[in-house]
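Text of the file protein-v4.txt, holding compact mmCIF, C-alpha atoms:
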```txt
# COMPACT_ATOMS: atom_id res chain seq x y z
CA MET R 1241 0.00 0.00 0.00
CA GLN R 1242 2.84 2.40 0.78
CA ARG R 1243 4.30 1.88 -2.71
CA ILE R 1244 0.97 2.99 -4.31
CA THR R 1245 0.89 6.07 -2.09
CA ILE R 1246 4.36 7.07 -3.30
CA ILE R 1247 3.79 6.29 -7.01
CA LEU R 1248 0.26 7.71 -7.36
CA PRO R 1249 1.22 11.43 -7.20
CA PHE R 1250 3.84 10.89 -9.92
CA LEU R 1251 1.35 9.09 -12.15
CA LEU R 1252 -1.19 11.90 -11.71
CA LEU R 1253 1.44 14.53 -12.52
CA ALA R 1254 2.51 12.63 -15.65
CA ALA R 1255 -1.11 12.29 -16.80
CA TYR R 1256 -1.65 16.02 -16.25
CA ILE R 1257 1.46 16.97 -18.25
CA ILE R 1258 0.58 14.61 -21.12
CA GLY R 1259 -3.03 15.79 -21.17
CA CYS R 1260 -2.11 19.47 -21.31
CA GLY R 1261 -0.37 19.22 -24.67
CA GLY R 1262 1.21 22.57 -25.59
CA GLY R 1263 0.75 24.09 -22.16
CA ILE R 1264 -1.06 27.30 -23.19
CA ARG R 1265 -4.53 28.04 -24.49
CA THR R 1266 -4.40 28.99 -28.15
CA GLU R 1267 -7.08 30.15 -30.55
CA PRO R 1268 -7.06 29.09 -34.22
CA GLY R 1269 -5.79 31.80 -36.55
CA THR R 1270 -5.85 31.61 -40.33
CA GLY R 1271 -6.12 34.04 -43.19
CA ILE R 1272 -5.25 34.89 -46.77
CA ILE R 1273 -2.54 37.32 -47.80
CA THR R 1274 -2.71 39.03 -51.19
CA LEU R 1275 -0.43 41.51 -52.93
CA ASP R 1276 -2.29 43.76 -55.37
CA GLY R 1277 -5.17 41.27 -55.31
CA VAL R 1278 -3.01 38.22 -56.11
CA PRO R 1279 -2.37 35.50 -53.48
CA LEU R 1280 1.13 35.88 -52.03
CA GLU R 1281 2.72 32.41 -52.02
CA ASP R 1282 5.62 31.44 -49.71
CA ALA R 1283 5.37 34.57 -47.57
CA ASP R 1284 6.19 34.55 -43.88
CA VAL R 1285 3.77 36.22 -41.47
CA SER R 1286 4.65 37.03 -37.88
CA PHE R 1287 2.44 38.26 -35.06
CA SER R 1288 4.16 40.16 -32.23
CA PRO R 1289 2.16 40.96 -29.08
CA VAL R 1290 1.56 44.68 -28.54
CA ASP R 1291 1.95 43.99 -24.81
CA PRO R 1292 4.76 41.46 -24.23
CA ASN R 1293 3.02 40.34 -21.03
CA GLN R 1294 -0.13 39.40 -22.94
CA GLY R 1295 0.00 37.15 -25.96
CA SER R 1296 2.54 34.86 -27.49
CA PRO R 1297 4.52 35.58 -30.67
CA ALA R 1298 3.14 33.56 -33.57
CA PHE R 1299 4.13 32.78 -37.13
CA GLY R 1300 2.91 31.14 -40.31
CA ARG R 1301 3.76 30.65 -43.99
CA THR R 1302 1.45 31.06 -46.94
CA ASP R 1303 0.64 28.32 -49.44
CA ALA R 1304 -0.07 28.69 -53.18
CA THR R 1305 -3.45 30.27 -52.43
CA GLY R 1306 -1.96 32.84 -50.01
CA ARG R 1307 -3.47 31.02 -47.03
CA TYR R 1308 -1.56 30.85 -43.75
CA GLN R 1309 -2.19 29.14 -40.43
CA LEU R 1310 -0.76 30.58 -37.22
CA GLN R 1311 1.16 28.72 -34.58
CA THR R 1312 3.22 29.69 -31.58
CA MET R 1313 6.33 28.06 -30.18
CA LEU R 1314 4.47 27.26 -26.95
CA GLY R 1315 1.42 25.66 -28.53
CA ASN R 1316 0.49 22.81 -30.82
CA PRO R 1317 1.57 22.88 -34.49
CA ASP R 1318 -0.87 25.06 -36.47
CA GLY R 1319 -2.81 25.53 -33.21
CA GLY R 1320 -3.04 29.31 -33.48
CA THR R 1321 -1.91 31.72 -30.81
CA THR R 1322 -3.10 33.29 -27.59
CA GLN R 1323 -5.76 35.97 -27.35
CA GLY R 1324 -4.56 39.54 -27.59
CA ASP R 1325 -3.56 42.46 -29.79
CA TYR R 1326 -0.72 41.98 -32.25
CA GLN R 1327 1.47 43.94 -34.62
CA VAL R 1328 2.00 42.04 -37.86
CA ALA R 1329 4.89 41.78 -40.32
CA ILE R 1330 4.82 39.99 -43.68
CA THR R 1331 7.89 39.14 -45.73
CA LYS R 1332 8.67 37.32 -48.92
CA THR R 1333 12.35 37.34 -49.74
CA GLN R 1334 14.93 35.33 -51.60
CA THR R 1335 18.71 35.41 -51.29
CA VAL R 1336 20.43 35.58 -54.69
CA GLN R 1337 24.06 35.68 -55.79
CA THR R 1338 25.13 38.96 -57.37
CA GLY R 1339 27.88 37.47 -59.54
CA ARG R 1340 30.46 39.40 -57.52
CA PHE R 1341 32.86 37.98 -54.97
CA TYR R 1342 34.51 39.26 -51.82
CA PRO R 1343 38.25 39.83 -52.32
CA ARG R 1344 40.57 37.05 -51.22
CA SER R 1345 41.57 37.18 -47.61
CA GLN R 1346 45.16 38.14 -46.86
CA ALA R 1347 44.99 35.75 -43.91
CA ASN R 1348 44.20 32.85 -46.25
CA PRO R 1349 45.06 33.78 -49.86
CA LEU R 1350 44.43 30.23 -51.12
CA ALA R 1351 40.82 30.18 -49.97
CA GLU R 1352 38.12 30.48 -52.62
CA PRO R 1353 36.55 33.93 -52.70
CA ALA R 1354 33.08 33.99 -51.15
CA PRO R 1355 30.18 35.08 -53.35
CA ILE R 1356 28.39 38.31 -52.50
CA VAL R 1357 24.68 37.74 -52.01
CA GLU R 1358 21.76 40.11 -51.60
CA THR R 1359 18.20 39.76 -50.40
CA VAL R 1360 15.46 40.44 -52.93
CA HIS R 1361 12.08 41.50 -51.51
CA PHE R 1362 9.01 40.23 -53.37
CA ALA R 1363 6.67 42.17 -51.12
CA PRO R 1364 7.24 45.84 -50.25
CA ARG R 1365 9.86 46.21 -47.51
CA LYS R 1366 7.58 48.31 -45.33
CA TYR R 1367 5.55 45.18 -44.54
CA ALA R 1368 8.65 43.32 -43.28
CA ASN R 1369 8.82 45.29 -40.02
CA THR R 1370 6.08 45.65 -37.42
CA ASP R 1371 7.10 49.29 -36.88
CA THR R 1372 6.45 50.24 -40.52
CA SER R 1373 3.93 47.68 -41.78
CA GLY R 1374 0.82 49.39 -40.44
CA LEU R 1375 -0.65 45.90 -40.00
CA SER R 1376 -2.32 44.74 -36.81
CA ALA R 1377 -4.70 42.06 -35.62
CA THR R 1378 -6.70 41.06 -32.59
CA VAL R 1379 -6.97 37.37 -31.73
CA VAL R 1380 -10.17 36.52 -29.86
CA ARG R 1381 -11.62 33.37 -28.38
CA GLY R 1382 -12.77 31.02 -31.15
CA ARG R 1383 -11.78 30.88 -34.79
CA ASN R 1384 -9.98 33.91 -36.22
CA GLN R 1385 -9.95 34.68 -39.96
CA ILE R 1386 -7.41 37.48 -40.41
CA ASN R 1387 -6.78 38.52 -44.02
CA PHE R 1388 -4.23 41.05 -45.25
CA GLU R 1389 -4.40 42.88 -48.58
CA LEU R 1390 -0.94 44.30 -49.33
CA VAL R 1391 -0.36 46.98 -51.95
CA SER R 1392 2.82 47.55 -53.99
CA ASP R 1393 4.79 50.76 -53.45
```
Please express what this file holds, its structure, as structure tokens.
Amino acid sequence: MQRITIILPFLLLAAYIIGCGGGIRTEPGTGIITLDGVPLEDADVSFSPVDPNQGSPAFGRTDATGRYQLQTMLGNPDGGTTQGDYQVAITKTQTVQTGRFYPRSQANPLAEPAPIVETVHFAPRKYANTDTSGLSATVVRGRNQINFELVSD
């Protein structure tokens, strides 16, 4: 009997931890992102809480139809994010080689020169930063459909 008394609290704790999943309450968040009326494929969307003490940063990536599904690091995959007000940033970039190379290093003159790369933005840069995007969202209890219609510069 004493063995059951010692083991039972650990079993209950393990069941509680397993049953709680991600550990925070999240609300589903999805939406469609367009640029000049056309779905924006392979764009990254990030939600940053306006108040760091309320809300959990969330992220998503758009598919071919411009649809994204939010998730947070603390929740279940594609489980959404916590309730609250968010600033939003949307980026679609690609790193490309310029055809130029950094000069050889004097420290290692036999090393191959490294290519110079640059980042190309396929969505206006202003949307890539929460301070300049002008995009915001409020996540409420229940399903959240949060669409963004971006416009070229």
Which residues are close to R:Lys1332, i.e. within 8 Å by all atoms listed in the file, leaving aside same-chain residues fewer than 2 positions away? Reply as number ranges by chain.
R: 1282-1284, 1330, 1334, 1361-1363
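Every protein, DNA or RNA residue with an atom at most 12 Å from R:Phe1341, where all atoms listed in the file count and chain neighbours fewer than 3 positions away do not, is listed here: Gln1337, Thr1338, Arg1344, Ser1345, Glu1352, Pro1353, Ala1354, Pro1355, Ile1356, Val1357 and Glu1358 of chain R.
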Neighbours of R:Gly1306 within 8 Å (all atoms listed in the file; same-chain residues fewer than 6 positions away dropped), as a list in words?
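Listed by chain and then number, they are Ile1272, Ile1273, Thr1274, Pro1279, Leu1280, Glu1281, Asp1282 and Ala1283 of chain R.
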Hey, can you check how far atom CA of R:Leu1310 sits from atom CA of R:Ala1298?
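Here the two named atoms are 6.1 Å from each other.
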Hey, what's within 12 Å of R:Asn1387 if we count only C-alpha atoms and toss same-chain stuff fewer than 3 positions away? As a PDB file with C-alpha atoms, keeping the file's coordinate frame, please?
```pdb
ATOM      1  CA  GLY R1269      -5.790  31.800 -36.550  1.00  0.00           C
ATOM      2  CA  THR R1270      -5.850  31.610 -40.330  1.00  0.00           C
ATOM      3  CA  GLY R1271      -6.120  34.040 -43.190  1.00  0.00           C
ATOM      4  CA  ILE R1272      -5.250  34.890 -46.770  1.00  0.00           C
ATOM      5  CA  ILE R1273      -2.540  37.320 -47.800  1.00  0.00           C
ATOM      6  CA  THR R1274      -2.710  39.030 -51.190  1.00  0.00           C
ATOM      7  CA  LEU R1275      -0.430  41.510 -52.930  1.00  0.00           C
ATOM      8  CA  GLY R1277      -5.170  41.270 -55.310  1.00  0.00           C
ATOM      9  CA  PRO R1279      -2.370  35.500 -53.480  1.00  0.00           C
ATOM     10  CA  LEU R1280       1.130  35.880 -52.030  1.00  0.00           C
ATOM     11  CA  VAL R1285       3.770  36.220 -41.470  1.00  0.00           C
ATOM     12  CA  THR R1302       1.450  31.060 -46.940  1.00  0.00           C
ATOM     13  CA  GLY R1306      -1.960  32.840 -50.010  1.00  0.00           C
ATOM     14  CA  ARG R1307      -3.470  31.020 -47.030  1.00  0.00           C
ATOM     15  CA  TYR R1308      -1.560  30.850 -43.750  1.00  0.00           C
ATOM     16  CA  GLN R1309      -2.190  29.140 -40.430  1.00  0.00           C
ATOM     17  CA  VAL R1328       2.000  42.040 -37.860  1.00  0.00           C
ATOM     18  CA  ILE R1330       4.820  39.990 -43.680  1.00  0.00           C
ATOM     19  CA  LEU R1375      -0.650  45.900 -40.000  1.00  0.00           C
ATOM     20  CA  SER R1376      -2.320  44.740 -36.810  1.00  0.00           C
ATOM     21  CA  ALA R1377      -4.700  42.060 -35.620  1.00  0.00           C
ATOM     22  CA  THR R1378      -6.700  41.060 -32.590  1.00  0.00           C
ATOM     23  CA  ASN R1384      -9.980  33.910 -36.220  1.00  0.00           C
ATOM     24  CA  LEU R1390      -0.940  44.300 -49.330  1.00  0.00           C
TER      25      LEU R1390
END
```
For the atom pair atom CA of R:Ile1386 and atom CA of R:Gly1320, what is the interatomic distance in Å to one decimal place?
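These atoms are spaced 11.6 Å apart.
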One decimal, in Å: what's the spacing between atom CA of R:Lys1366 and atom CA of R:Asp1393?
8.9 Å
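Residues surrounding R:Ala1329 within 9 Å are R:Asp1284, R:Val1285, R:Ser1286, R:Phe1287, R:Ser1288, R:Gln1327, R:Thr1331, R:Lys1366, R:Tyr1367, R:Ala1368, R:Asn1369, R:Thr1370, R:Asp1371, R:Thr1372, R:Ser1373, R:Gly1374, R:Leu1375, R:Ser1376 [all atoms listed in the file; sequence separation below 2 positions excluded].
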May I have the residues from that selection written out with C-alpha atoms, as an mmCIF file, in the frame of the given file?
```cif
data_model
loop_
_atom_site.group_PDB
_atom_site.id
_atom_site.type_symbol
_atom_site.label_atom_id
_atom_site.label_comp_id
_atom_site.auth_asym_id
_atom_site.auth_seq_id
_atom_site.Cartn_x
_atom_site.Cartn_y
_atom_site.Cartn_z
ATOM 1 C CA ASP R 1284 6.190 34.550 -43.880
ATOM 2 C CA VAL R 1285 3.770 36.220 -41.470
ATOM 3 C CA SER R 1286 4.650 37.030 -37.880
ATOM 4 C CA PHE R 1287 2.440 38.260 -35.060
ATOM 5 C CA SER R 1288 4.160 40.160 -32.230
ATOM 6 C CA GLN R 1327 1.470 43.940 -34.620
ATOM 7 C CA THR R 1331 7.890 39.140 -45.730
ATOM 8 C CA LYS R 1366 7.580 48.310 -45.330
ATOM 9 C CA TYR R 1367 5.550 45.180 -44.540
ATOM 10 C CA ALA R 1368 8.650 43.320 -43.280
ATOM 11 C CA ASN R 1369 8.820 45.290 -40.020
ATOM 12 C CA THR R 1370 6.080 45.650 -37.420
ATOM 13 C CA ASP R 1371 7.100 49.290 -36.880
ATOM 14 C CA THR R 1372 6.450 50.240 -40.520
ATOM 15 C CA SER R 1373 3.930 47.680 -41.780
ATOM 16 C CA GLY R 1374 0.820 49.390 -40.440
ATOM 17 C CA LEU R 1375 -0.650 45.900 -40.000
ATOM 18 C CA SER R 1376 -2.320 44.740 -36.810
#
```
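Closest to R:Val1379 among R:Thr1266, R:Thr1359, R:Thr1335, R:Gln1346 is R:Thr1266, based on only C-alpha atoms.
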Please determine, counting only C-alpha atoms, which residue among R:Pro1349, R:Pro1364, R:Pro1317, R:Pro1343 has the shortest atom-to-atom distance to R:Pro1268.
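Of the candidates, the smallest distance to R:Pro1268 is held by R:Pro1317.
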